[in-house]
>>> print(open('protein_37.cif').read())   # mmCIF, C-alpha atoms
data_coords
#
loop_
_atom_site.label_atom_id
_atom_site.label_comp_id
_atom_site.auth_asym_id
_atom_site.auth_seq_id
_atom_site.Cartn_x
_atom_site.Cartn_y
_atom_site.Cartn_z
CA MET A 1 2.30 -29.16 8.35
CA GLU A 2 1.09 -30.95 11.48
CA MET A 3 0.37 -28.27 14.00
CA SER A 4 -2.77 -27.86 16.05
CA PRO A 5 -4.80 -24.71 15.40
CA PHE A 6 -4.29 -23.71 19.03
CA ILE A 7 -0.50 -23.72 18.62
CA VAL A 8 -0.86 -21.65 15.44
CA PHE A 9 -3.09 -19.24 17.35
CA MET A 10 -0.62 -18.81 20.21
CA ALA A 11 2.32 -18.53 17.83
CA SER A 12 0.66 -15.80 15.80
CA ILE A 13 0.10 -13.76 18.96
CA PHE A 14 3.42 -14.17 20.71
CA THR A 15 6.25 -15.53 18.62
CA ASN A 16 5.14 -14.49 15.14
CA ASN A 17 3.35 -11.28 15.97
CA MET A 18 2.29 -9.53 12.78
CA ILE A 19 3.88 -6.22 13.69
CA LEU A 20 6.73 -7.10 15.96
CA ALA A 21 8.10 -10.04 13.99
CA ASN A 22 6.75 -9.57 10.47
CA PHE A 23 6.45 -5.77 10.20
CA LEU A 24 2.97 -5.97 8.73
CA GLY A 25 0.35 -3.30 9.26
CA MET A 26 2.92 -0.69 10.22
CA CYS A 27 1.30 2.25 8.45
CA SER A 28 -1.85 2.29 10.56
CA PHE A 29 0.13 1.03 13.55
CA ILE A 30 2.04 4.30 13.63
CA ALA A 31 -0.77 6.58 12.45
CA VAL A 32 -3.56 5.40 14.76
CA SER A 33 -1.60 4.66 17.94
CA LYS A 34 -1.88 8.11 19.47
CA GLU A 35 -4.91 7.25 21.60
CA LYS A 36 -5.85 4.06 23.35
CA SER A 37 -9.56 4.17 22.43
CA ALA A 38 -8.86 4.60 18.72
CA ALA A 39 -6.22 1.87 18.82
CA TRP A 40 -8.68 -0.49 20.53
CA GLY A 41 -11.38 0.27 17.95
CA LEU A 42 -9.07 -0.31 15.02
CA GLY A 43 -7.74 -3.47 16.66
CA GLN A 44 -11.23 -4.95 16.96
CA ALA A 45 -12.03 -4.12 13.36
CA VAL A 46 -8.74 -5.60 12.12
CA THR A 47 -9.25 -8.80 14.12
CA PHE A 48 -12.71 -9.25 12.68
CA VAL A 49 -11.66 -8.60 9.10
CA LEU A 50 -8.52 -10.74 9.43
CA THR A 51 -10.46 -13.76 10.67
CA GLY A 52 -13.07 -13.42 7.94
CA THR A 53 -10.71 -12.79 5.05
CA SER A 54 -8.24 -15.53 5.99
CA VAL A 55 -11.05 -18.08 5.85
CA ILE A 56 -12.60 -16.69 2.66
CA ASN A 57 -9.27 -16.41 0.89
CA TYR A 58 -8.37 -19.92 2.00
CA LEU A 59 -11.59 -21.33 0.54
CA VAL A 60 -11.29 -19.39 -2.71
CA TYR A 61 -7.63 -20.31 -3.12
CA HIS A 62 -8.09 -24.04 -2.56
CA TYR A 63 -11.46 -24.54 -4.23
CA VAL A 64 -11.33 -22.05 -7.10
CA LEU A 65 -7.79 -20.94 -7.91
CA VAL A 66 -5.93 -24.25 -7.49
CA PRO A 67 -8.41 -26.49 -9.40
CA TYR A 68 -8.55 -24.07 -12.34
CA GLY A 69 -4.79 -23.43 -12.39
CA LEU A 70 -5.19 -19.72 -11.68
CA VAL A 71 -2.74 -19.57 -8.76
CA TYR A 72 -0.81 -16.74 -10.39
CA LEU A 73 -3.89 -14.52 -10.09
CA ARG A 74 -3.95 -14.87 -6.30
CA PHE A 75 -2.73 -11.31 -5.56
CA ILE A 76 -5.54 -9.69 -7.52
CA VAL A 77 -8.16 -12.12 -6.22
CA PHE A 78 -7.12 -11.70 -2.58
CA ILE A 79 -7.13 -7.91 -2.80
CA ILE A 80 -10.56 -7.82 -4.42
CA LEU A 81 -11.99 -10.28 -1.89
CA ILE A 82 -10.61 -8.24 1.00
CA ALA A 83 -12.04 -5.01 -0.40
CA ALA A 84 -15.40 -6.66 -1.01
CA PHE A 85 -15.46 -8.22 2.45
CA VAL A 86 -14.72 -4.89 4.11
CA GLN A 87 -17.47 -3.19 2.11
CA LEU A 88 -19.93 -5.91 3.04
CA VAL A 89 -19.05 -5.78 6.72
CA GLU A 90 -19.40 -2.02 6.70
CA MET A 91 -22.87 -2.21 5.15
CA ILE A 92 -24.03 -4.92 7.56
CA ILE A 93 -22.72 -3.07 10.61
CA GLU A 94 -24.23 0.20 9.43
CA ARG A 95 -27.63 -1.42 8.92
CA TYR A 96 -27.90 -3.63 12.01
CA PHE A 97 -25.44 -2.28 14.57
CA PRO A 98 -25.49 1.53 14.27
CA VAL A 99 -23.76 2.01 17.64
CA LEU A 100 -20.89 -0.23 16.64
CA HIS A 101 -20.71 1.54 13.29
CA LEU A 102 -20.33 4.87 15.04
CA HIS A 103 -17.44 3.34 16.94
CA LEU A 104 -15.68 1.38 14.17
CA GLY A 105 -17.01 3.06 11.04
CA ILE A 106 -14.05 5.27 10.26
CA PHE A 107 -11.59 2.41 10.71
CA LEU A 108 -13.14 -0.03 8.27
CA PRO A 109 -12.06 1.63 5.00
CA LEU A 110 -8.53 1.92 6.40
CA ILE A 111 -8.35 -1.83 6.76
CA THR A 112 -8.63 -2.55 3.06
CA VAL A 113 -5.14 -1.19 2.66
CA ASN A 114 -3.77 -2.70 5.84
CA CYS A 115 -0.80 -4.81 4.84
CA ALA A 116 -1.46 -7.23 7.71
CA VAL A 117 -4.73 -8.41 6.20
CA PHE A 118 -3.20 -9.16 2.83
CA GLY A 119 -0.06 -10.57 4.44
CA VAL A 120 -2.00 -13.07 6.53
CA SER A 121 -3.70 -14.43 3.41
CA LEU A 122 -0.34 -14.79 1.68
CA PHE A 123 1.27 -16.47 4.69
CA THR A 124 -1.63 -18.91 4.88
CA VAL A 125 -0.85 -20.02 1.34
CA ILE A 126 2.93 -20.12 1.77
CA ARG A 127 2.82 -22.08 5.04
CA GLN A 128 0.21 -24.49 3.62
CA TYR A 129 -2.20 -24.22 6.52
CA ASN A 130 -5.46 -26.17 6.52
CA LEU A 131 -8.82 -24.47 7.08
CA PHE A 132 -8.77 -24.56 10.89
CA GLN A 133 -5.17 -23.45 11.05
CA ALA A 134 -5.97 -20.60 8.64
CA ALA A 135 -8.88 -19.45 10.81
CA ALA A 136 -6.76 -19.70 13.98
CA PHE A 137 -3.92 -17.88 12.27
CA GLY A 138 -6.18 -15.05 11.10
CA PHE A 139 -7.81 -14.63 14.50
CA GLY A 140 -4.53 -14.93 16.39
CA SER A 141 -2.81 -12.40 14.14
CA GLY A 142 -5.66 -9.99 14.77
CA VAL A 143 -5.43 -10.46 18.53
CA GLY A 144 -1.67 -10.05 18.42
CA TRP A 145 -1.95 -6.92 16.30
CA THR A 146 -4.56 -5.44 18.65
CA MET A 147 -2.40 -6.20 21.66
CA ALA A 148 0.62 -4.53 20.12
CA ILE A 149 -1.21 -1.38 18.99
CA VAL A 150 -3.05 -0.93 22.31
CA ALA A 151 0.20 -1.37 24.24
CA LEU A 152 1.94 1.12 21.99
CA ALA A 153 -0.90 3.62 22.32
CA GLY A 154 -0.69 3.30 26.10
CA ILE A 155 3.03 4.01 26.03
CA ARG A 156 2.61 6.93 23.64
CA GLN A 157 -0.05 8.51 25.86
CA LYS A 158 2.32 8.25 28.82
CA ILE A 159 5.20 9.93 27.03
CA LYS A 160 3.09 12.62 25.35
CA ASN A 161 4.55 15.37 27.49
CA ALA A 162 8.02 13.91 27.89
CA PRO A 163 10.85 16.12 26.66
CA LEU A 164 12.17 14.34 23.56
CA PRO A 165 15.30 15.23 21.62
CA LYS A 166 14.61 17.47 18.66
CA GLY A 167 13.60 15.62 15.50
CA LEU A 168 12.78 12.40 17.33
CA GLU A 169 9.14 13.30 18.01
CA GLY A 170 6.45 11.37 16.16
CA ALA A 171 7.60 8.53 13.94
CA GLY A 172 11.15 8.33 15.23
CA ILE A 173 10.38 7.67 18.87
CA THR A 174 7.43 5.44 17.93
CA LEU A 175 9.72 3.18 15.95
CA ILE A 176 12.21 2.99 18.77
CA ILE A 177 9.46 2.12 21.28
CA THR A 178 8.27 -0.55 18.85
CA GLY A 179 11.81 -1.87 18.68
CA ILE A 180 11.94 -2.22 22.45
CA MET A 181 8.55 -3.98 22.40
CA ALA A 182 9.82 -6.34 19.71
CA LEU A 183 12.86 -6.99 21.88
CA ALA A 184 10.58 -7.98 24.75
CA PHE A 185 8.57 -10.27 22.49
CA ILE A 186 11.72 -12.11 21.44
CA GLY A 187 11.59 -13.50 24.97
CA PHE A 188 8.62 -15.60 23.87
CA SER A 189 10.39 -17.07 20.88
CA GLY A 190 11.59 -20.19 22.69
CA ILE A 191 8.04 -21.37 23.40
CA ILE A 192 6.87 -22.28 19.92
CA HIS A 193 8.75 -22.62 16.69
CA VAL A 194 6.87 -21.89 13.48
CA GLN A 195 8.35 -22.61 10.04
CA MET B 1 11.99 19.76 -19.36
CA SER B 2 15.41 18.81 -18.00
CA ARG B 3 14.89 21.19 -15.12
CA LYS B 4 11.56 19.55 -14.36
CA ILE B 5 13.15 16.12 -14.42
CA LYS B 6 15.76 17.33 -11.95
CA ASP B 7 13.00 18.63 -9.69
CA ILE B 8 11.13 15.35 -9.82
CA PHE B 9 14.21 13.42 -8.81
CA SER B 10 15.41 15.72 -6.05
CA LEU B 11 11.91 15.74 -4.54
CA GLY B 12 11.35 12.00 -4.80
CA VAL B 13 14.78 10.82 -3.77
CA ILE B 14 15.83 13.30 -1.09
CA LYS B 15 13.60 16.19 -0.09
CA ASP B 16 10.33 14.34 -0.08
CA ASN B 17 11.63 10.82 0.40
CA PRO B 18 8.61 8.54 0.76
CA VAL B 19 9.90 6.66 3.80
CA PHE B 20 11.49 9.48 5.80
CA ARG B 21 9.20 12.35 5.00
CA GLN B 22 5.90 10.69 4.39
CA ILE B 23 6.33 7.56 6.58
CA LEU B 24 4.82 5.51 3.78
CA GLY B 25 5.48 1.95 2.83
CA ILE B 26 7.52 0.93 5.82
CA CYS B 27 5.55 -2.31 6.17
CA SER B 28 7.48 -4.05 3.50
CA SER B 29 10.58 -1.91 3.79
CA LEU B 30 11.66 -3.36 7.10
CA ALA B 31 11.12 -7.07 6.66
CA VAL B 32 13.56 -7.53 3.80
CA THR B 33 16.38 -5.39 5.16
CA ASN B 34 18.36 -8.07 6.97
CA LEU B 35 20.44 -8.69 3.83
CA MET B 36 21.47 -6.16 1.21
CA LEU B 37 20.77 -8.56 -1.64
CA ASN B 38 17.13 -8.96 -0.57
CA SER B 39 16.75 -5.20 -0.28
CA LEU B 40 18.24 -4.65 -3.70
CA ALA B 41 15.82 -7.13 -5.25
CA MET B 42 12.91 -5.55 -3.42
CA GLY B 43 14.03 -2.07 -4.50
CA ILE B 44 14.31 -3.02 -8.15
CA GLY B 45 10.91 -4.68 -8.03
CA LEU B 46 9.42 -1.61 -6.43
CA ILE B 47 10.96 0.81 -8.94
CA PHE B 48 9.57 -1.35 -11.76
CA VAL B 49 6.08 -1.46 -10.27
CA THR B 50 5.92 2.20 -9.21
CA SER B 51 7.14 3.62 -12.49
CA LEU B 52 5.06 1.43 -14.77
CA SER B 53 1.88 1.69 -12.74
CA SER B 54 2.26 5.48 -12.58
CA LEU B 55 2.72 5.46 -16.35
CA THR B 56 -0.36 3.31 -16.90
CA VAL B 57 -2.55 5.20 -14.43
CA SER B 58 -1.52 8.46 -16.03
CA ALA B 59 -2.14 7.21 -19.56
CA LEU B 60 -5.61 6.02 -18.58
CA ARG B 61 -6.47 8.98 -16.38
CA ARG B 62 -8.86 10.56 -18.89
CA TYR B 63 -10.79 7.32 -19.36
CA THR B 64 -11.05 6.26 -15.72
CA PRO B 65 -14.29 7.27 -13.97
CA GLY B 66 -13.46 9.16 -10.77
CA HIS B 67 -15.34 7.03 -8.31
CA ILE B 68 -13.78 3.71 -9.28
CA ARG B 69 -10.25 5.00 -9.82
CA MET B 70 -8.92 3.38 -6.64
CA MET B 71 -10.03 -0.05 -7.79
CA VAL B 72 -8.54 0.54 -11.23
CA GLN B 73 -5.25 1.60 -9.65
CA VAL B 74 -5.14 -1.48 -7.44
CA LEU B 75 -5.75 -3.73 -10.42
CA ILE B 76 -3.03 -2.04 -12.47
CA ILE B 77 -0.57 -2.32 -9.58
CA SER B 78 -1.48 -5.97 -8.96
CA ALA B 79 -0.87 -6.81 -12.59
CA TYR B 80 2.67 -5.44 -12.45
CA VAL B 81 3.37 -7.13 -9.11
CA ILE B 82 2.29 -10.44 -10.60
CA ILE B 83 4.85 -9.90 -13.37
CA VAL B 84 7.57 -9.26 -10.78
CA ASP B 85 6.51 -12.36 -8.84
CA ILE B 86 6.54 -14.60 -11.90
CA VAL B 87 9.91 -13.31 -13.10
CA LEU B 88 11.46 -13.82 -9.65
CA LYS B 89 10.03 -17.32 -9.37
CA ALA B 90 11.26 -18.27 -12.83
CA TYR B 91 14.77 -16.82 -12.81
CA PHE B 92 15.69 -16.31 -9.14
CA PRO B 93 13.90 -19.05 -7.16
CA ALA B 94 16.18 -18.68 -4.11
CA LEU B 95 15.53 -14.95 -3.91
CA SER B 96 11.84 -15.50 -4.45
CA SER B 97 11.58 -17.85 -1.47
CA ALA B 98 13.73 -15.53 0.68
CA LEU B 99 11.39 -12.62 0.00
CA GLY B 100 8.35 -14.84 0.59
CA PRO B 101 5.07 -12.97 0.87
CA TYR B 102 6.75 -9.57 0.75
CA VAL B 103 6.80 -9.55 -3.07
CA GLY B 104 3.02 -9.74 -3.07
CA LEU B 105 2.90 -7.13 -0.37
CA ILE B 106 4.32 -4.59 -2.82
CA ILE B 107 0.66 -4.16 -3.83
CA THR B 108 -0.27 -2.82 -0.42
CA ASN B 109 2.83 -0.64 -0.31
CA CYS B 110 1.33 2.78 0.24
CA ILE B 111 4.00 4.54 -1.83
CA ILE B 112 2.80 3.18 -5.15
CA MET B 113 -0.83 4.04 -4.65
CA GLY B 114 0.14 7.34 -3.07
CA ARG B 115 2.09 8.32 -6.19
CA CYS B 116 -0.71 7.14 -8.50
CA GLU B 117 -3.26 9.12 -6.56
CA VAL B 118 -1.24 12.28 -5.93
CA TYR B 119 0.90 12.57 -9.03
CA ALA B 120 -0.04 10.27 -11.90
CA GLN B 121 -3.73 11.20 -11.69
CA LYS B 122 -2.90 14.82 -12.63
CA ASN B 123 0.24 14.68 -14.75
CA PRO B 124 1.20 13.43 -18.23
CA PRO B 125 2.51 9.86 -18.60
CA LEU B 126 6.21 10.60 -19.06
CA ALA B 127 6.46 12.83 -16.00
CA SER B 128 4.51 10.26 -13.97
CA PHE B 129 6.85 7.54 -15.13
CA LEU B 130 9.87 9.56 -13.97
CA ASP B 131 8.13 10.43 -10.71
CA GLY B 132 7.57 6.73 -10.14
CA ILE B 133 11.22 5.97 -10.77
CA ALA B 134 12.31 8.80 -8.47
CA ASN B 135 10.11 7.68 -5.60
CA GLY B 136 11.06 4.05 -6.10
CA LEU B 137 14.69 5.10 -6.06
CA GLY B 138 14.25 7.11 -2.87
CA TYR B 139 12.59 4.12 -1.25
CA SER B 140 15.31 1.75 -2.42
CA LEU B 141 18.02 4.04 -1.08
CA VAL B 142 16.44 3.92 2.36
CA LEU B 143 16.11 0.14 2.14
CA MET B 144 19.74 -0.23 1.15
CA THR B 145 20.90 2.09 3.93
CA ILE B 146 19.01 0.14 6.58
CA ALA B 147 20.17 -3.16 5.09
CA PHE B 148 23.76 -1.91 5.00
CA VAL B 149 23.74 -1.09 8.72
CA ARG B 150 21.95 -4.29 9.66
CA GLU B 151 24.03 -6.62 7.52
CA LEU B 152 27.31 -4.94 8.46
CA LEU B 153 26.69 -5.09 12.19
CA GLY B 154 24.72 -8.34 12.18
CA PHE B 155 26.88 -10.49 9.92
CA GLY B 156 29.98 -8.35 9.40
CA THR B 157 29.40 -8.52 5.65
CA VAL B 158 28.32 -6.31 2.74
CA PHE B 159 26.47 -8.15 -0.07
CA GLY B 160 27.73 -11.38 1.50
CA VAL B 161 31.40 -10.32 1.31
CA ASN B 162 33.10 -10.30 4.68
CA VAL B 163 34.50 -6.85 5.40
CA LEU B 164 34.91 -6.69 9.15
CA GLY B 165 37.13 -9.76 9.48
CA PRO B 166 36.62 -13.06 11.29
CA SER B 167 37.11 -11.59 14.77
CA TRP B 168 33.99 -9.41 14.44
CA VAL B 169 31.45 -10.15 17.17
CA ARG B 170 28.07 -10.32 15.46
CA TRP B 171 25.31 -8.08 16.75
CA VAL B 172 22.62 -10.73 16.57
CA ILE B 173 19.95 -8.19 17.52
CA MET B 174 20.54 -6.36 14.24
CA ILE B 175 19.39 -9.35 12.18
CA MET B 176 16.28 -9.77 14.31
CA PRO B 177 13.18 -7.54 13.98
CA PRO B 178 14.06 -5.05 16.76
CA GLY B 179 17.23 -4.07 14.89
CA ALA B 180 15.15 -2.90 11.94
CA PHE B 181 12.93 -0.74 14.14
CA PHE B 182 15.91 0.83 15.88
CA VAL B 183 17.82 1.57 12.67
CA LEU B 184 14.81 3.11 10.93
CA GLY B 185 13.91 5.17 14.01
CA LEU B 186 17.44 6.52 14.28
CA LEU B 187 17.59 7.20 10.52
CA ILE B 188 14.37 9.22 10.69
CA TRP B 189 15.80 11.13 13.61
CA ALA B 190 18.99 11.90 11.68
CA THR B 191 17.00 13.01 8.61
CA ASN B 192 14.84 15.32 10.68
CA LEU B 193 17.94 16.86 12.23
CA PHE B 194 20.10 17.32 9.16
CA LEU B 195 17.61 17.83 6.33
CA PRO B 196 15.16 20.55 7.36
CA ALA B 197 11.60 19.89 6.26
CA ASN B 198 10.71 21.14 2.81
CA GLU B 199 7.46 23.07 2.71
CA ALA B 200 6.83 22.76 -1.02
CA GLY B 201 7.37 19.03 -0.79
CA LYS B 202 4.90 18.80 2.09
CA ALA B 203 2.22 20.43 -0.03
CA SER B 204 2.75 18.11 -2.98
CA SER B 205 2.54 15.03 -0.80
CA ALA B 206 -0.49 16.10 1.22
CA GLY B 207 -3.21 13.50 0.97
CA GLY B 208 -0.80 10.84 -0.17
CA GLY B 209 -0.69 9.19 3.22
CA ARG B 210 -3.12 6.69 4.49
#
>>> encode(input="protein_37.cif", output="structure tokens")
Amino acid sequence: MEMSPFIVFMASIFTNNMILANFLGMCSFIAVSKEKSAAWGLGQAVTFVLTGTSVINYLVYHYVLVPYGLVYLRFIVFIILIAAFVQLVEMIIERYFPVLHLHLGIFLPLITVNCAVFGVSLFTVIRQYNLFQAAAFGFGSGVGWTMAIVALAGIRQKIKNAPLPKGLEGAGITLIITGIMALAFIGFSGIIHVQ
Amino acid sequence: MSRKIKDIFSLGVIKDNPVFRQILGICSSLAVTNLMLNSLAMGIGLIFVTSLSSLTVSALRRYTPGHIRMMVQVLIISAYVIIVDIVLKAYFPALSSALGPYVGLIITNCIIMGRCEVYAQKNPPLASFLDGIANGLGYSLVLMTIAFVRELLGFGTVFGVNVLGPSWVRWVIMIMPPGAFFVLGLLIWATNLFLPANEAGKASSAGGGR
């Protein structure tokens, strides 16, 4: 696939946004979008982990799994690498950046189970990206995810006291807001075409 | 025993439905709902993985050290998902490429791990197996409902068979991502209105979310 990393980066933010186009990372997207500061913290952590794991998983896939014919083990290997990476990052941040750890600490364990992280690694393999594209894709997906969750948190804070129909509070209205956001993002889809 | 089985199913499929009540596993539930066939395949795969991993986790629960149980659960789940992936690739290549990465994403589907953690960890294998089937079934029902609405309005078809006639104006938005968000949001609204929350179910599912 001949596509510059910059195009991949822009596409993963706007036209192929992880949440709004691929539905990945929804669980934490709905659970942690009640406040802007928490959403921003989680977004930063996800971006960091996504960039790191997409590169690591790319390297392991192409230099370990493919040469040894172990491609069918990729699910297990990716999951373990993601979990290990998150653990490592948590230990490093705790040791050297205690302030940042106070800020992001509670979000890091959540990320291990974030579908977006695993999904990005799988997409990287399916779309046959090269190393730079994989890095750009991981970083762009993280930025796109952060943008979506911060925007949603902003909207949810605004409507906190709005009178909603019975039964629509919580998940229901959040999904409908997300739908409207996805609708707006479809406006970008003419710019770049991926796949 | 038969009464217990009935309880397991009514909790898992309706009263404590993983998607509506616990808002779990919607990551992968939405992406494959543009066609009913894809949803059916995803549902069957999920029932297979949920039931068998619950069975395995439950059978091994006495031998699994508490502090590494999460890792063990993930490995068990991954093993079953790999089976699903290989079977799909071998016998249904078209379906496999249509589902793309979402087959692998069954691993990160919170429902499976939620059931392993909440139910299989404390109950005997057979009951866990049935609980897995019930929750998988509840999840598949939701998938099929969303897919039914989206495919019917978006293509005018059900399982690829045209039902609304050639003059039907397609709701293109239903096939695109926003349609999935709207349909699921409205479905959750309808469930909250017509099926009052079940307190016992809430208690059994507490801690299952992540």
>>> closest_atom_pairs(input="protein_37.cif", of="chain A", to="chain B", cutoff="10 Å", atoms="all atoms listed in the file", output="JSON lines")
{"residue": "A:Ile19", "atom": "CA", "partner": "B:Cys27", "partner_atom": "CA", "distance": 8.6}
{"residue": "A:Leu20", "atom": "CA", "partner": "B:Pro177", "partner_atom": "CA", "distance": 6.8}
{"residue": "A:Ala21", "atom": "CA", "partner": "B:Pro177", "partner_atom": "CA", "distance": 5.7}
{"residue": "A:Asn22", "atom": "CA", "partner": "B:Ala31", "partner_atom": "CA", "distance": 6.3}
{"residue": "A:Phe23", "atom": "CA", "partner": "B:Cys27", "partner_atom": "CA", "distance": 5.4}
{"residue": "A:Leu24", "atom": "CA", "partner": "B:Cys27", "partner_atom": "CA", "distance": 5.2}
{"residue": "A:Gly25", "atom": "CA", "partner": "B:Cys27", "partner_atom": "CA", "distance": 6.1}
{"residue": "A:Met26", "atom": "CA", "partner": "B:Cys27", "partner_atom": "CA", "distance": 5.1}
{"residue": "A:Cys27", "atom": "CA", "partner": "B:Cys27", "partner_atom": "CA", "distance": 6.6}
{"residue": "A:Ser28", "atom": "CA", "partner": "B:Arg210", "partner_atom": "CA", "distance": 7.6}
{"residue": "A:Phe29", "atom": "CA", "partner": "B:Cys27", "partner_atom": "CA", "distance": 9.7}
{"residue": "A:Ile30", "atom": "CA", "partner": "B:Ile23", "partner_atom": "CA", "distance": 8.9}
{"residue": "A:Ala31", "atom": "CA", "partner": "B:Arg210", "partner_atom": "CA", "distance": 8.3}
{"residue": "A:Tyr72", "atom": "CA", "partner": "B:Ile82", "partner_atom": "CA", "distance": 7.0}
{"residue": "A:Leu73", "atom": "CA", "partner": "B:Ile82", "partner_atom": "CA", "distance": 7.4}
{"residue": "A:Arg74", "atom": "CA", "partner": "B:Ile82", "partner_atom": "CA", "distance": 8.8}
{"residue": "A:Phe75", "atom": "CA", "partner": "B:Ser78", "partner_atom": "CA", "distance": 6.5}
{"residue": "A:Ile76", "atom": "CA", "partner": "B:Ser78", "partner_atom": "CA", "distance": 5.7}
{"residue": "A:Val77", "atom": "CA", "partner": "B:Ser78", "partner_atom": "CA", "distance": 9.5}
{"residue": "A:Ile79", "atom": "CA", "partner": "B:Val74", "partner_atom": "CA", "distance": 8.2}
{"residue": "A:Ile80", "atom": "CA", "partner": "B:Met71", "partner_atom": "CA", "distance": 8.5}
{"residue": "A:Ala83", "atom": "CA", "partner": "B:Met71", "partner_atom": "CA", "distance": 9.1}
{"residue": "A:Leu110", "atom": "CA", "partner": "B:Arg210", "partner_atom": "CA", "distance": 7.5}
{"residue": "A:Thr112", "atom": "CA", "partner": "B:Thr108", "partner_atom": "CA", "distance": 9.1}
{"residue": "A:Val113", "atom": "CA", "partner": "B:Thr108", "partner_atom": "CA", "distance": 6.0}
{"residue": "A:Asn114", "atom": "CA", "partner": "B:Thr108", "partner_atom": "CA", "distance": 7.2}
{"residue": "A:Cys115", "atom": "CA", "partner": "B:Thr108", "partner_atom": "CA", "distance": 5.6}
{"residue": "A:Ala116", "atom": "CA", "partner": "B:Cys27", "partner_atom": "CA", "distance": 8.7}
{"residue": "A:Val117", "atom": "CA", "partner": "B:Thr108", "partner_atom": "CA", "distance": 9.7}
{"residue": "A:Phe118", "atom": "CA", "partner": "B:Leu105", "partner_atom": "CA", "distance": 7.2}
{"residue": "A:Gly119", "atom": "CA", "partner": "B:Leu105", "partner_atom": "CA", "distance": 6.6}
{"residue": "A:Val120", "atom": "CA", "partner": "B:Pro101", "partner_atom": "CA", "distance": 9.1}
{"residue": "A:Ser121", "atom": "CA", "partner": "B:Pro101", "partner_atom": "CA", "distance": 9.2}
{"residue": "A:Leu122", "atom": "CA", "partner": "B:Pro101", "partner_atom": "CA", "distance": 5.8}
{"residue": "A:Phe123", "atom": "CA", "partner": "B:Pro101", "partner_atom": "CA", "distance": 6.4}
{"residue": "A:Thr124", "atom": "CA", "partner": "B:Pro101", "partner_atom": "CA", "distance": 9.8}
{"residue": "A:Val125", "atom": "CA", "partner": "B:Pro101", "partner_atom": "CA", "distance": 9.2}
{"residue": "A:Ile126", "atom": "CA", "partner": "B:Pro101", "partner_atom": "CA", "distance": 7.5}
{"residue": "A:Pro165", "atom": "CA", "partner": "B:Trp189", "partner_atom": "CA", "distance": 9.0}
{"residue": "A:Lys166", "atom": "CA", "partner": "B:Leu193", "partner_atom": "CA", "distance": 7.3}
{"residue": "A:Gly167", "atom": "CA", "partner": "B:Asn192", "partner_atom": "CA", "distance": 5.0}
{"residue": "A:Leu168", "atom": "CA", "partner": "B:Trp189", "partner_atom": "CA", "distance": 5.0}
{"residue": "A:Glu169", "atom": "CA", "partner": "B:Trp189", "partner_atom": "CA", "distance": 8.3}
{"residue": "A:Gly170", "atom": "CA", "partner": "B:Trp189", "partner_atom": "CA", "distance": 9.7}
{"residue": "A:Ala171", "atom": "CA", "partner": "B:Gly185", "partner_atom": "CA", "distance": 7.1}
{"residue": "A:Gly172", "atom": "CA", "partner": "B:Gly185", "partner_atom": "CA", "distance": 4.4}
{"residue": "A:Ile173", "atom": "CA", "partner": "B:Gly185", "partner_atom": "CA", "distance": 6.5}
{"residue": "A:Thr174", "atom": "CA", "partner": "B:Gly185", "partner_atom": "CA", "distance": 7.6}
{"residue": "A:Leu175", "atom": "CA", "partner": "B:Gly185", "partner_atom": "CA", "distance": 5.0}
{"residue": "A:Ile176", "atom": "CA", "partner": "B:Phe182", "partner_atom": "CA", "distance": 5.2}
{"residue": "A:Ile177", "atom": "CA", "partner": "B:Phe181", "partner_atom": "CA", "distance": 8.4}
{"residue": "A:Thr178", "atom": "CA", "partner": "B:Phe181", "partner_atom": "CA", "distance": 6.6}
{"residue": "A:Gly179", "atom": "CA", "partner": "B:Pro178", "partner_atom": "CA", "distance": 4.3}
{"residue": "A:Ile180", "atom": "CA", "partner": "B:Pro178", "partner_atom": "CA", "distance": 6.7}
{"residue": "A:Met181", "atom": "CA", "partner": "B:Pro178", "partner_atom": "CA", "distance": 8.0}
{"residue": "A:Ala182", "atom": "CA", "partner": "B:Pro178", "partner_atom": "CA", "distance": 5.3}
{"residue": "A:Leu183", "atom": "CA", "partner": "B:Pro178", "partner_atom": "CA", "distance": 5.6}
{"residue": "A:Ala184", "atom": "CA", "partner": "B:Pro178", "partner_atom": "CA", "distance": 9.2}
{"residue": "A:Phe185", "atom": "CA", "partner": "B:Pro178", "partner_atom": "CA", "distance": 9.5}
{"residue": "A:Ile186", "atom": "CA", "partner": "B:Met176", "partner_atom": "CA", "distance": 8.8}
>>> atom_distance(input="protein_37.cif", atom1="CA of Ala94 in chain B", atom2="CA of Ile44 in chain B")
16.3 Å
>>> resolve_selection(input="protein_37.cif", expression="the PyMOL selection byres ((chain B and resi 142-158) around 7)", output="PyMOL selection string")
chain B and resi 29+33-36+39-40+138-141+159-164+168+170-172+174-175+183-184
>>> resolve_selection(input="protein_37.cif", expression="the PyMOL selection byres ((chain B and resi 132-137) around 10)", output="ChimeraX atom specification")
/B:5-14,16-19,43-55,111-112,115-116,119-120,126-131,138-143
>>> resolve_selection(input="protein_37.cif", expression="the PyMOL selection byres ((chain A and resi 132) around 10)", output="ChimeraX atom specification")
/A:4-6,8,55,129-131,133-138
>>> atom_distance(input="protein_37.cif", atom1="CA of Ala84 in chain A", atom2="CA of Leu108 in chain A")
11.6 Å
>>> atom_distance(input="protein_37.cif", atom1="CA of Ala59 in chain B", atom2="CA of Pro125 in chain B")
5.4 Å
